Structures are given as C-alpha cells and as structure tokens.
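Data block below; observations after.
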Amino acid sequence: MASARVTAPPARASPRRASRRAVPPAPRASTFYVERVVPDDVLALLRACADEARAKKRLKRERASFAVGRRCCALSPTSAACVALGSASGRVLATLREATKDPTLVLGDFPVELREYGVGAAMDWHVDVELYDPPQWEVIFTVSNDGDSRTEWMDAASSSVESARTTEASALIVRAGGDRHRVLPSTHGSRVIVKALYTPSARVKTAEFAEALDSAPWRR
C-alpha cells in the first residue's frame with residue numbers, strides 16, 4: 001500500500017556509556033491513544049456507515065495492499081459522518097487539536113476510509129508515508145471491536161513498545177513519518193475502524209499524495 005513504508009521490528013535499546021557531550025532533547029511524541037473521543041451521536045453516524053457498507057457489500061478485500069486480510073471502502077466526503085469528523089465546532093476536532101497541540105488542525109482532503117479487520121487480519125511494522133508538508137496526523141477511530149487484536153507502536157520518546165486493544169469511540173493518533181506501528185491479528189471477532197487524515201490548515205501535498213490516492217485499495 002502506497003501510504004505505508006515497511007520497517008524492521010524495533011530493536012531493544014542497548015545501554016550506552018555516560019558522556020560529557022550535550023544530551024539532545026527527547027523526541028517529541030508522535031503517537032497518542034485517547035479513549036472516548038467520539039461522542040455518541042457521531043459514533044451512531046459511523047455505525048450507520050458501517051452497516052450500510054456491509055448491506056451494500058461495499059467493503060472489499062484489499063489486494064496488493066500492505067495489510068493482510070483487511071476489507072475497506074471510502075466514505076463520501078459529504079456524508080454526515082465525515083462532516084461531523086471535520087466540524088470546527090465539534091468535540092472530535094477539539095480533542096485532536098488539544099492532543100496534537102495544533103489549533104489549526106483540520107480534516108484533510110484525502111478520502112476517509114472505513115476498514116474492517118476480521119479474524120487473522122493484520123499489518124506488520126510500518127511508518128506512514130508523509131502525504132502532506134507538514135506531515136499529516138493519521139487518526140484511527142474505533143467504531144466497534146469485539147475481537148482480541150491489539151495495536152502496537154514504538155514510542156520514540158521512551159524507546160518502548162506500547163500496546164492497546166482499541167476500544168469503541170477511541171482514537172489512535174499517529175504522525176506520518178513518526179512512530180513505527182503494527183496491528184496484530186485477532187483470533188476471534190472483528191474490529192471496525194474509520195481512518196481519517198488531519199493536517200494543519202496551511203499545508204501542501206507531497207509527491208506521494210497522488211500515488212497513494214491512485215493506488216488506494218478501494219479504487220481497484
């Protein structure tokens with residue numbers, strides 16, 4: 001998939017001998033996991049999108065994709081769900097602006113995607129490709145999750161691997177070009193998510209934007 005760059009598994013940091021050289025500043029956190037980001041009315045809209053996609057069989061298994069066993073489709077930018085996710089007066093955008101410390105954050109113009117991870121579906125370690133300059137924040141909203149899959153990410157600030165079983169209405173916020181992360185396969189149930197890209201209001205598209213759009217699984 002064009003919007004992901006494969007990386008090696010994170011290695012355990014080895015101890016280093018003390019030095020008199022200046023200590024560089026700690027890396028800025030580029031991954032946040034926040035529960036109860038999506039209010040009930042917006043969650044209901046996302047559920048309705050998922051129900052409609054299933055009923056109309058719009059969820060298609062991804063082919064030539066970095067993800068394994070995942071199904072997805074794009075949501076209409078004029079849908080009530082997408083409008084709510086980008087509303088300047090809504091709680092979702094306010095929470096994301098607070099988490100990222102960017103008061104200019106807006107919903108980007110890359111299509112919002114509905115994704116479903118069934119039993120065995122997974123993504124290996126990767127870093128999201130920068131589609132904008134400054135880099136976008138890729139936000140994973142969990143619509144439902146009755147499986148045991150977990151998402152892991154390498155925290156650059158602490159050099160540790162963090163993990164979460166993402167819960168309904170939560171948001172996993174990942175800066176493109178930042179932390180490596182992966183999705184482990186579940187042994188039962190399914191996880192339905194909505195992925196949306198958020199950017200500063202002043203941004204430009206990188207050369208990778210058109211490639212990612214052209215190679216998106218839901219366009220095949």
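Identifiers in the structure tokens: chain A, B, ... in order shown; residue index from 1 per chain; ligand index from 1 in order shown.
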
Surrounding residues of range 107-113 of chain A excluding itself and chain neighbours under 3 positions, 8 Å, only C-alpha atoms, as a ChimeraX atom specification: /A:72-77,82,85-86,194-199,213

Keeping only C-alpha atoms, write those residues as a PDB file, in the first residue's frame.
ATOM      1  CA  CYS A  72     -12.225  -1.409   3.225  1.00  0.00           C
ATOM      2  CA  CYS A  73     -14.122   1.274   1.336  1.00  0.00           C
ATOM      3  CA  ALA A  74     -14.045   5.058   1.087  1.00  0.00           C
ATOM      4  CA  LEU A  75     -16.723   7.252   2.662  1.00  0.00           C
ATOM      5  CA  SER A  76     -18.379  10.115   0.829  1.00  0.00           C
ATOM      6  CA  PRO A  77     -16.875  13.469   1.945  1.00  0.00           C
ATOM      7  CA  CYS A  82     -17.367  12.897   7.537  1.00  0.00           C
ATOM      8  CA  LEU A  85     -15.435  14.394  11.981  1.00  0.00           C
ATOM      9  CA  GLY A  86     -14.296  17.666  10.430  1.00  0.00           C
ATOM     10  CA  VAL A 194     -12.542   4.729  10.382  1.00  0.00           C
ATOM     11  CA  LYS A 195      -9.241   6.246   9.269  1.00  0.00           C
ATOM     12  CA  ALA A 196      -9.082   9.984   8.648  1.00  0.00           C
ATOM     13  CA  LEU A 197      -6.123  12.258   7.913  1.00  0.00           C
ATOM     14  CA  TYR A 198      -5.842  15.601   9.696  1.00  0.00           C
ATOM     15  CA  THR A 199      -3.441  18.368   8.719  1.00  0.00           C
ATOM     16  CA  LEU A 213      -4.695   8.135  -3.948  1.00  0.00           C
TER      17      LEU A 213
END

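Those residues that approach Val119 in chain A to within 9 Å, counting only C-alpha atoms, are Gly69, Ala122, Gly147, Ser149, Pro185, Ser186, Thr187, His188, Gly189 and Ser190 of chain A; same-chain residues fewer than 3 positions away are not listed.
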
Kindly export the residues of the current selection with C-alpha atoms, as a compact mmCIF listing (two decimals), in the first residue's frame.
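After the write, selection_0.txt holds the following:
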# COMPACT_ATOMS: atom_id res chain seq x y z
CA GLY A 69 -6.98 -9.90 5.22
CA ALA A 122 -3.10 -7.73 10.36
CA GLY A 147 -12.05 -9.22 18.96
CA SER A 149 -6.48 -7.80 18.18
CA PRO A 185 -4.11 -10.50 14.13
CA SER A 186 -7.12 -11.44 16.20
CA THR A 187 -8.23 -14.99 16.96
CA HIS A 188 -11.93 -14.12 17.13
CA GLY A 189 -14.34 -11.28 16.42
CA SER A 190 -13.75 -8.22 14.26

Report the residues of range 80-197 of chain A whose backbone DSSP state falls under alpha helix (DSSP H), written as a ChimeraX atom specification. /A:80-86,91-100

Point out the residue among A:Ala4, A:Leu172, A:Ala212, A:Ala99 with the least atom-to-atom distance to Thr142 in chain A, counting only C-alpha atoms. A:Leu172

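Residues within 8 Å of Ala81 in chain A, counting only C-alpha atoms and excluding same-chain residues fewer than 5 positions away, are Val42, Leu45, Leu46 and Cys49 of chain A.
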
Write to file, as a tab-separated table (two decimals), in the first residue's frame, the residues of the selection just made, with C-alpha atoms.
chain	number	residue	atom	x	y	z
A	42	VAL	CA	-21.07	10.85	15.85
A	45	LEU	CA	-23.24	8.03	12.28
A	46	LEU	CA	-20.09	5.92	11.91
A	49	CYS	CA	-21.85	3.96	7.60

Closest to Arg191 in chain A among A:Arg36, A:Arg219, A:Arg165, A:Arg175, using only C-alpha atoms? A:Arg165

DSSP says strand (DSSP E or B) for which residues of chain A? Put them as an MDAnalysis selection string? chainID A and resid 4:6 31:34 60:61 68:74 105:107 113:128 132:133 137:145 151:155 160:164 171:175 181:183 186 191:200 204:205

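Picture a line from CA of Thr166 in chain A to CA of Asp41 in chain A; it runs 19.3 Å.
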
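Picture a line from CA of Val106 in chain A to CA of Ser87 in chain A; it runs 8.5 Å.
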
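From CA of Ala50 in chain A back to CA of Val34 in chain A, the distance works out to 21.7 Å.
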
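Checking A:Val37, A:Ala29, A:Ala67, A:Ile193 one by one against Asn145 in chain A, counting only C-alpha atoms, you find the shortest gap at A:Ile193.
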
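Proximity to Glu62 in chain A at 7 Å, evaluated using only C-alpha atoms and with sequence-adjacent residues fewer than 5 positions away removed, yields Arg70, Arg71, Cys72 and Pro217 of chain A.
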